[in-house]
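**Q** For reference, this is final-v4.txt, and it has compact mmCIF, C-alpha atoms.
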```txt
# COMPACT_ATOMS: atom_id res chain seq x y z
CA MET A 1 106.11 54.93 115.73
CA THR A 2 106.96 58.62 115.74
CA ASP A 3 108.95 60.31 112.99
CA LEU A 4 111.93 60.67 115.34
CA GLU A 5 111.81 56.99 116.29
CA ARG A 6 111.65 56.04 112.64
CA SER A 7 114.53 58.30 111.61
CA THR A 8 116.69 57.00 114.45
CA ARG A 9 116.03 53.37 113.61
CA GLU A 10 116.62 54.00 109.92
CA GLY A 11 119.79 55.95 110.66
CA PHE A 12 121.16 53.07 112.71
CA THR A 13 120.33 50.53 110.01
CA SER A 14 121.88 52.70 107.29
CA ARG A 15 125.14 53.21 109.21
CA PHE A 16 125.59 49.72 110.65
CA ASN A 17 123.70 47.46 108.20
CA ARG A 18 121.56 45.82 110.87
CA ASP A 19 118.67 46.66 113.16
CA PRO A 20 119.22 47.99 116.68
CA LEU A 21 118.37 45.97 119.74
CA GLY A 22 116.15 48.83 120.85
CA LEU A 23 115.62 52.55 121.30
CA TRP A 24 116.12 54.67 124.40
CA SER A 25 115.28 58.35 124.72
CA ALA A 26 115.70 61.25 127.13
CA PRO A 27 114.36 64.82 127.05
CA GLY A 28 116.03 68.17 127.13
CA ARG A 29 115.15 70.38 130.04
CA VAL A 30 114.09 73.87 130.90
CA ASN A 31 115.19 75.28 134.21
CA LEU A 32 112.21 77.17 135.54
CA ILE A 33 114.40 78.84 138.16
CA GLY A 34 117.69 78.23 139.94
CA GLU A 35 120.60 79.16 137.64
CA HIS A 36 124.23 78.31 138.47
CA THR A 37 123.13 77.16 141.91
CA ASP A 38 123.67 73.47 141.17
CA TYR A 39 127.46 73.43 141.33
CA ASN A 40 127.22 75.52 144.49
CA ASP A 41 125.35 72.70 146.31
CA GLY A 42 122.15 74.74 146.05
CA PHE A 43 118.58 74.28 144.88
CA VAL A 44 117.25 74.04 141.33
CA PHE A 45 113.80 73.59 139.82
CA PRO A 46 113.99 72.25 136.26
CA PHE A 47 111.54 70.19 134.24
CA ALA A 48 111.91 67.74 131.39
CA ILE A 49 110.50 69.06 128.12
CA ASP A 50 108.54 67.40 125.35
CA ARG A 51 111.53 67.42 122.97
CA ARG A 52 113.72 64.35 123.08
CA THR A 53 116.96 62.73 121.98
CA ILE A 54 116.71 59.10 120.89
CA VAL A 55 119.54 56.59 120.72
CA ALA A 56 119.47 53.27 118.93
CA LEU A 57 121.92 50.70 120.26
CA ALA A 58 122.97 47.13 119.64
CA PRO A 59 125.72 45.18 121.40
CA ARG A 60 128.73 43.63 119.71
CA THR A 61 130.60 40.43 120.61
CA ASP A 62 133.99 42.19 120.54
CA ARG A 63 135.26 45.33 122.31
CA LEU A 64 134.76 47.81 119.49
CA ILE A 65 132.53 50.87 119.98
CA ARG A 66 131.07 52.59 116.92
CA VAL A 67 128.99 55.74 117.35
CA ALA A 68 127.22 57.80 114.68
CA SER A 69 124.63 60.54 114.64
CA SER A 70 122.27 62.51 112.46
CA PHE A 71 124.39 65.63 112.97
CA ALA A 72 127.78 64.28 111.85
CA GLU A 73 128.76 62.50 108.66
CA ALA A 74 131.51 60.26 109.98
CA ALA A 75 131.11 57.47 112.52
CA ILE A 76 133.60 57.35 115.39
CA GLU A 77 135.29 54.03 116.22
CA LEU A 78 137.14 53.28 119.42
CA SER A 79 138.08 50.18 121.40
CA LEU A 80 136.95 49.90 124.99
CA ASP A 81 140.64 49.50 125.76
CA GLU A 82 141.19 53.07 124.51
CA LEU A 83 138.23 54.57 126.36
CA ILE A 84 139.77 57.36 128.42
CA PRO A 85 138.80 61.06 128.47
CA GLU A 86 142.00 62.11 126.70
CA ASN A 87 140.93 60.12 123.63
CA LEU A 88 137.44 61.63 123.40
CA HIS A 89 136.81 64.67 121.24
CA GLY A 90 133.96 66.63 119.66
CA TRP A 91 130.35 65.49 119.79
CA SER A 92 131.28 61.86 120.44
CA ALA A 93 132.75 62.82 123.83
CA TYR A 94 129.17 62.97 125.17
CA PRO A 95 128.11 59.36 124.48
CA LEU A 96 131.61 57.87 124.81
CA GLY A 97 132.16 59.84 127.99
CA VAL A 98 129.09 58.16 129.48
CA ALA A 99 130.48 54.71 128.64
CA TRP A 100 133.75 55.67 130.33
CA ALA A 101 132.03 57.22 133.36
CA LEU A 102 130.00 54.06 133.98
CA GLY A 103 133.30 52.45 134.91
CA SER A 104 133.32 54.61 138.04
CA TYR A 105 129.87 53.36 139.04
CA GLY A 106 130.19 49.61 138.77
CA ALA A 107 130.67 48.75 135.10
CA ASP A 108 133.64 46.42 134.54
CA LEU A 109 135.02 48.03 131.40
CA SER A 110 137.73 45.38 131.16
CA ALA A 111 135.07 42.76 130.49
CA ALA A 112 132.29 44.80 128.84
CA SER A 113 131.11 44.20 125.29
CA GLY A 114 131.39 46.81 122.60
CA PHE A 115 128.36 48.32 120.92
CA GLU A 116 127.07 50.34 118.01
CA LEU A 117 125.10 53.48 118.71
CA TYR A 118 123.21 56.01 116.62
CA ILE A 119 121.86 59.34 117.94
CA ASP A 120 119.06 61.55 116.61
CA SER A 121 117.48 64.50 118.37
CA GLU A 122 114.81 67.16 118.30
CA VAL A 123 116.35 69.12 121.22
CA PRO A 124 117.82 72.38 119.85
CA ILE A 125 121.59 72.59 120.22
CA GLY A 126 123.02 75.68 121.89
CA ALA A 127 119.66 76.99 123.09
CA GLY A 128 120.17 76.34 126.80
CA LEU A 129 117.79 73.36 126.74
CA SER A 130 120.53 70.87 127.61
CA SER A 131 120.84 68.84 124.46
CA SER A 132 124.02 67.45 126.02
CA ALA A 133 122.25 65.99 129.08
CA ALA A 134 119.59 64.48 126.81
CA ILE A 135 122.33 62.56 124.96
CA GLU A 136 124.08 61.55 128.18
CA SER A 137 120.89 60.40 129.88
CA ALA A 138 119.64 58.37 126.92
CA VAL A 139 123.01 56.67 126.49
CA ALA A 140 123.35 56.01 130.22
CA LEU A 141 119.91 54.39 130.35
CA ALA A 142 120.68 52.28 127.26
CA LEU A 143 124.04 51.01 128.51
CA ASN A 144 122.59 50.42 131.98
CA ASP A 145 120.15 48.02 130.32
CA VAL A 146 122.49 46.40 127.79
CA TRP A 147 125.34 45.94 130.28
CA ASN A 148 122.88 44.81 133.02
CA LEU A 149 124.27 47.27 135.56
CA GLY A 150 121.12 47.82 137.63
CA LEU A 151 121.93 51.45 138.46
CA ASP A 152 119.13 53.72 139.67
CA ARG A 153 118.32 57.03 138.02
CA PRO A 154 120.01 59.34 140.54
CA THR A 155 123.20 57.34 139.98
CA LEU A 156 122.82 57.60 136.20
CA ALA A 157 122.54 61.37 136.65
CA ARG A 158 125.90 61.35 138.42
CA VAL A 159 127.31 59.28 135.54
CA GLY A 160 126.18 61.93 133.07
CA GLN A 161 127.64 64.72 135.15
CA LEU A 162 131.00 62.93 135.42
CA ALA A 163 131.03 62.44 131.65
CA GLU A 164 130.35 66.12 131.05
CA ASN A 165 132.90 67.29 133.60
CA ARG A 166 135.78 64.97 132.67
CA ALA A 167 135.23 63.79 129.08
CA VAL A 168 133.66 66.96 127.66
CA GLY A 169 135.46 69.37 129.98
CA ALA A 170 132.39 71.38 130.99
CA PRO A 171 132.28 72.19 134.73
CA THR A 172 128.51 71.77 135.04
CA GLY A 173 126.47 70.56 138.00
CA ILE A 174 124.01 67.70 138.20
CA MET A 175 120.79 69.59 137.45
CA ASP A 176 120.44 68.84 133.75
CA GLN A 177 120.88 65.09 133.98
CA SER A 178 118.58 64.90 137.01
CA ALA A 179 115.79 66.69 135.17
CA SER A 180 116.23 64.50 132.09
CA LEU A 181 116.11 61.28 134.09
CA LEU A 182 113.60 62.13 136.83
CA GLY A 183 111.09 64.40 135.06
CA GLN A 184 107.34 63.76 134.97
CA ALA A 185 104.50 65.23 132.92
CA ASP A 186 103.16 68.61 134.12
CA ALA A 187 105.66 68.70 136.96
CA ALA A 188 109.13 69.99 137.80
CA VAL A 189 111.95 68.43 139.81
CA PHE A 190 112.81 70.26 143.03
CA LEU A 191 116.39 69.13 143.53
CA ASP A 192 118.72 69.68 146.46
CA CYS A 193 122.10 69.50 144.74
CA ARG A 194 123.93 68.85 148.02
CA THR A 195 121.97 65.81 149.17
CA LEU A 196 120.54 64.91 145.72
CA ALA A 197 117.12 64.63 147.35
CA ALA A 198 114.54 65.19 144.63
CA GLU A 199 110.83 65.91 144.86
CA VAL A 200 108.44 66.11 141.92
CA ILE A 201 106.25 69.21 142.25
CA PRO A 202 103.10 69.67 140.12
CA LEU A 203 103.25 72.83 138.01
CA GLY A 204 99.59 73.22 137.11
CA PHE A 205 100.31 75.22 133.96
CA ASP A 206 97.58 73.50 131.91
CA ALA A 207 94.90 74.01 134.52
CA ALA A 208 95.83 77.68 134.73
CA ASP A 209 95.83 78.09 130.92
CA LEU A 210 99.50 79.05 130.92
CA ASP A 211 102.13 78.21 128.33
CA LEU A 212 105.89 78.38 128.68
CA LEU A 213 107.25 80.07 125.59
CA ILE A 214 110.86 79.43 124.64
CA VAL A 215 112.62 82.24 122.80
CA ASP A 216 115.78 80.76 121.32
CA THR A 217 117.91 83.78 120.47
CA ARG A 218 120.14 81.66 118.20
CA VAL A 219 123.15 83.12 119.99
CA SER A 220 125.15 79.96 120.61
CA HIS A 221 127.08 79.28 123.76
CA SER A 222 129.41 76.61 125.06
CA HIS A 223 129.75 75.49 128.67
CA ALA A 224 133.22 74.12 128.03
CA THR A 225 134.71 77.53 127.33
CA GLY A 226 134.85 81.06 128.63
CA GLY A 227 132.45 82.68 131.01
CA TYR A 228 130.83 79.60 132.54
CA ALA A 229 134.13 78.37 133.97
CA ASP A 230 134.97 81.90 135.12
CA ARG A 231 131.70 82.17 137.04
CA ARG A 232 132.27 78.85 138.72
CA ALA A 233 135.78 79.92 139.73
CA SER A 234 134.36 83.16 141.20
CA CYS A 235 131.86 81.21 143.27
CA GLU A 236 134.57 78.92 144.60
CA ALA A 237 136.76 81.92 145.45
CA GLY A 238 133.85 83.59 147.23
CA ALA A 239 133.11 80.49 149.28
CA ALA A 240 136.78 80.16 150.25
CA ALA A 241 137.00 83.82 151.30
CA LEU A 242 133.86 83.44 153.42
CA GLY A 243 135.15 80.27 155.05
CA VAL A 244 132.37 77.94 153.87
CA ASP A 245 132.42 74.71 151.91
CA SER A 246 130.06 76.11 149.29
CA LEU A 247 127.77 79.08 148.77
CA ARG A 248 124.86 76.89 149.88
CA ASP A 249 126.04 77.78 153.38
CA VAL A 250 125.64 81.54 152.84
CA PHE A 251 122.24 83.17 153.40
CA GLU A 252 120.69 86.53 152.62
CA ALA A 253 121.32 87.69 156.19
CA ASP A 254 125.04 87.09 155.61
CA LEU A 255 125.33 89.33 152.55
CA ALA A 256 126.02 92.57 154.39
CA GLY A 257 129.07 91.03 156.03
CA ALA A 258 130.15 89.39 152.77
CA ALA A 259 130.16 92.78 151.04
CA GLU A 260 132.87 93.93 153.46
CA LEU A 261 135.10 90.90 152.80
CA LEU A 262 134.82 90.47 149.03
CA ASP A 263 135.73 92.59 146.05
CA ASP A 264 132.74 94.01 144.17
CA GLU A 265 132.68 91.47 141.35
CA THR A 266 133.02 88.42 143.60
CA PHE A 267 130.38 89.81 145.94
CA ARG A 268 127.89 90.22 143.11
CA ARG A 269 128.54 86.65 141.96
CA VAL A 270 127.94 85.44 145.51
CA ARG A 271 124.81 87.57 145.89
CA HIS A 272 123.28 86.02 142.80
CA ILE A 273 123.76 82.49 144.10
CA VAL A 274 122.45 83.30 147.57
CA THR A 275 119.35 85.13 146.35
CA GLU A 276 118.71 82.60 143.57
CA ASN A 277 118.67 79.76 146.09
CA GLN A 278 116.02 81.64 148.04
CA ARG A 279 114.03 82.29 144.86
CA VAL A 280 113.90 78.55 144.16
CA LEU A 281 112.52 77.89 147.65
CA ASP A 282 110.04 80.75 147.25
CA THR A 283 108.90 79.45 143.86
CA VAL A 284 108.17 75.97 145.20
CA ARG A 285 106.31 77.45 148.17
CA THR A 286 104.33 79.85 145.97
CA LEU A 287 103.30 77.07 143.60
CA ARG A 288 102.00 75.04 146.51
CA GLU A 289 100.21 77.91 148.23
CA GLN A 290 99.05 80.19 145.40
CA GLY A 291 99.53 78.37 142.10
CA PRO A 292 101.54 79.15 138.98
CA THR A 293 100.01 82.54 138.21
CA ALA A 294 101.81 83.97 141.28
CA ILE A 295 105.41 83.04 140.38
CA GLY A 296 105.98 85.74 137.75
CA PRO A 297 107.82 88.23 139.99
CA LEU A 298 110.28 85.53 141.03
CA LEU A 299 111.11 84.78 137.39
CA ASP A 300 111.60 88.48 136.71
CA ALA A 301 113.88 88.93 139.72
CA SER A 302 115.95 85.94 138.64
CA HIS A 303 116.64 87.54 135.27
CA VAL A 304 117.66 90.85 136.82
CA SER A 305 120.08 89.02 139.09
CA MET A 306 121.61 87.09 136.20
CA ARG A 307 121.86 90.23 134.11
CA ASP A 308 123.33 92.57 136.74
CA ASP A 309 125.03 90.42 139.39
CA PHE A 310 126.13 87.29 137.53
CA GLU A 311 126.48 89.10 134.19
CA ILE A 312 125.64 86.13 131.98
CA SER A 313 122.90 87.65 129.85
CA VAL A 314 123.32 89.14 126.37
CA PRO A 315 121.34 91.95 124.68
CA GLN A 316 119.18 89.51 122.74
CA LEU A 317 118.12 87.74 125.93
CA ASP A 318 117.37 91.03 127.68
CA LEU A 319 115.27 92.19 124.74
CA ALA A 320 113.31 88.94 124.65
CA VAL A 321 112.57 89.11 128.38
CA GLU A 322 111.62 92.79 128.43
CA THR A 323 109.43 92.55 125.32
CA ALA A 324 107.62 89.43 126.49
CA ARG A 325 106.78 91.06 129.79
CA ARG A 326 105.44 94.22 128.12
CA ALA A 327 103.31 92.09 125.81
CA GLY A 328 101.61 90.21 128.63
CA ALA A 329 103.84 87.42 129.96
CA ILE A 330 103.41 87.09 133.71
CA GLY A 331 107.14 86.46 134.18
CA ALA A 332 110.24 85.94 132.02
CA ARG A 333 113.92 85.17 132.43
CA MET A 334 116.89 83.81 130.56
CA THR A 335 117.44 80.11 131.19
CA GLY A 336 120.50 77.93 130.99
CA GLY A 337 124.17 78.72 131.46
CA GLY A 338 124.02 82.11 129.78
CA PHE A 339 126.08 84.01 127.19
CA GLY A 340 123.42 83.14 124.64
CA GLY A 341 120.76 80.49 124.37
CA ALA A 342 117.13 80.96 125.29
CA ALA A 343 114.72 82.95 127.41
CA ILE A 344 111.48 81.62 128.86
CA ALA A 345 108.23 83.55 129.18
CA LEU A 346 105.35 82.19 131.26
CA THR A 347 102.38 83.44 129.30
CA PRO A 348 98.58 83.25 129.49
CA ARG A 349 97.54 81.05 126.57
CA THR A 350 95.26 83.73 125.14
CA LEU A 351 98.16 86.21 124.96
CA LEU A 352 100.64 83.84 123.34
CA PRO A 353 100.17 85.15 119.76
CA ALA A 354 100.67 88.74 120.94
CA VAL A 355 103.85 87.87 122.85
CA ARG A 356 105.28 85.99 119.88
CA ALA A 357 104.52 88.84 117.53
CA ALA A 358 105.97 91.47 119.86
CA VAL A 359 109.24 89.59 120.35
CA ALA A 360 109.61 88.92 116.63
CA GLU A 361 109.06 92.61 115.83
CA ALA A 362 111.48 93.76 118.53
CA PHE A 363 114.22 91.53 117.13
CA ARG A 364 113.50 92.81 113.61
CA VAL A 365 113.76 96.43 114.70
CA ALA A 366 117.00 95.71 116.59
CA GLU A 367 118.35 93.97 113.47
CA TYR A 368 118.99 90.74 115.36
CA ALA A 369 118.58 87.35 113.73
CA ALA A 370 114.97 86.17 114.00
CA PRO A 371 114.51 84.07 117.14
CA ASP A 372 113.08 80.58 117.10
CA MET A 373 110.00 80.55 119.33
CA PHE A 374 108.08 77.49 120.50
CA VAL A 375 106.06 76.28 123.45
CA VAL A 376 107.35 73.47 125.65
CA ARG A 377 105.42 71.39 128.11
CA ALA A 378 106.70 69.40 131.05
CA GLY A 379 107.13 65.82 129.91
CA ASP A 380 108.35 62.47 131.15
CA GLY A 381 112.00 61.66 131.74
CA ALA A 382 114.21 59.08 130.07
CA LEU A 383 112.63 55.82 128.96
CA ARG A 384 113.21 52.69 126.92
CA HIS A 385 111.11 52.24 123.81
CA PRO A 386 109.88 48.76 122.79
CA ALA A 387 112.62 46.64 121.24
CA HIS A 388 112.37 45.88 117.53
CA ALA A 389 110.72 42.55 117.00
CA ASN A 390 112.92 41.69 114.02
CA ALA A 391 116.37 42.69 115.23
CA LEU A 392 119.18 41.13 113.22
CA PRO A 393 121.93 39.08 114.93
CA THR A 394 124.55 40.71 117.11
CA ALA A 395 127.63 41.91 115.22
CA GLY A 396 131.25 41.59 116.11
```
Kindly present the structure from the file in structure tokens form.

**A**
Amino acid sequence: MTDLERSTREGFTSRFNRDPLGLWSAPGRVNLIGEHTDYNDGFVFPFAIDRRTIVALAPRTDRLIRVASSFAEAAIELSLDELIPENLHGWSAYPLGVAWALGSYGADLSAASGFELYIDSEVPIGAGLSSSAAIESAVALALNDVWNLGLDRPTLARVGQLAENRAVGAPTGIMDQSASLLGQADAAVFLDCRTLAAEVIPLGFDAADLDLLIVDTRVSHSHATGGYADRRASCEAGAAALGVDSLRDVFEADLAGAAELLDDETFRRVRHIVTENQRVLDTVRTLREQGPTAIGPLLDASHVSMRDDFEISVPQLDLAVETARRAGAIGARMTGGGFGGAAIALTPRTLLPAVRAAVAEAFRVAEYAAPDMFVVRAGDGALRHPAHANALPTAG
């Protein structure tokens, strides 16, 4: 049993005075490339990381839901009869939103049993590694089992997205939940966000002696507020002005004409999406044909586009990317929704200490808070852990 498994089980027992039925976990994700393309019906290329969120759950015989976590003192209690988005607030909107969203995918919430749930996590919050999707995916998998729903993983991804959109109020696409549920070791998920067709593509980082360094700038962001929603609105306005259903239907050859129809800001937002979609396709092709050491320029170009056209970077992210590249990373970019969070730097393993040291020194000289730096590897998606052999009777 890992330390995280133990702390989750003990946290559940401490809060609810009984053992859980079992543990379910799901990973955070890193998006290798393909930023803000998901809600534009485009292409993304994320992978599940080796940092996970674990939930412990046990059913009740009544209709009460009780949720608690390692990052909040108070437990939240709610009846299934009160389970609507308007009643969900704060951190508990993520797990409770999933329970509500399952009602749109076959769960009969009028007859479902309540449950007790405890959450613990090693996925950094606010770093652009999708701690929210890790919670949603773990809870969705757990309730799918306990409520005997029989939903497949692509459907559970849609459940998580609906929870985040409606219960949390964040207008995100389906990428994060798909990566968390579909990921495999040493591979990334090539996802068509229009058709939801997904293909697992080997990365080959280990064989090439490459590490993916995360530079968490510690500049927090929130998808439910501010610039993320503005960028989505700009993309929708651009698609409407160009007469297409989504920016997936606009290609690089169309950009010259788009520049004549759109104002400068909207055009630059559109240009990022169009070129980023092509960069995802080029990255998958390059991995297949040349291997991971050849994708660096695509990562670099993605960051420039996010910095200049989509304008979602911040000085700390730019400094991390520029410094990592100078110190030997073969490619670097910000990752996640932007306005803070983390950068990634694909780095030869032998140069990793030099890149870490250079970034740390650059942040010190700039008088920024010291970044948190760590290596992530592509790991497996959501899974159920073995049930506790000595679970206590169901409460209620």

**Q** Please report the interatomic distance between atom CA of A:Val314 and atom CA of A:Leu213 in Å with one decimal.

**A**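 So the answer is 18.5 Å.
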
**Q** Enumerate, as a count of residues only, the protein, DNA and RNA residues whose atoms approach (99.6, 72.3, 146.1) to within 12 Å, taking into account all atoms listed in the file and the coordinate frame of the file.

**A** 16

**Q** Write out as a PyMOL selection string each polymer residue whose atoms come within 12 Å of A:Leu298, counting all atoms listed in the file; drop sequence neighbours fewer than 4 positions from it.

**A** chain A and resi 32-34+275-287+292-294+302-305+330-333+346

**Q** Between A:His89, A:Arg15, A:Arg153, A:Arg63, which has the minimum distance to A:Leu117 (counting all atoms listed in the file)?

**A**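 Closest to A:Leu117, using all atoms listed in the file: A:Arg15.
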
**Q** Quick one: pull the distance between atom CA of A:His36 and atom CA of A:Val321, Å, one decimal.

**A**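 A separation of 18.8 Å between them.
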
**Q** Could you check which of A:Ser25, A:Ser92, A:Thr61, A:Gln177 is closest to A:Ala75, using only C-alpha atoms?

**A**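 Selected residue with least distance to A:Ala75: A:Ser92.
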
**Q** Which residue, A:Val215, A:Ala324, A:Thr266, A:Asp230, has the smallest gap to A:Ala370 when you use all atoms listed in the file?

**A**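 Among the listed residues, the smallest separation from A:Ala370 belongs to A:Val215.
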
**Q** Need to verify the contact set: A:Leu143, 9 Å, only C-alpha atoms, exclusion of same-chain residues closer than 3 positions in sequence. Can you return it as a list in words?

**A** Leu57, Val98, Ala99, Leu102, Ala138, Val139, Ala140, Val146, Trp147, Asn148 and Leu149 of chain A
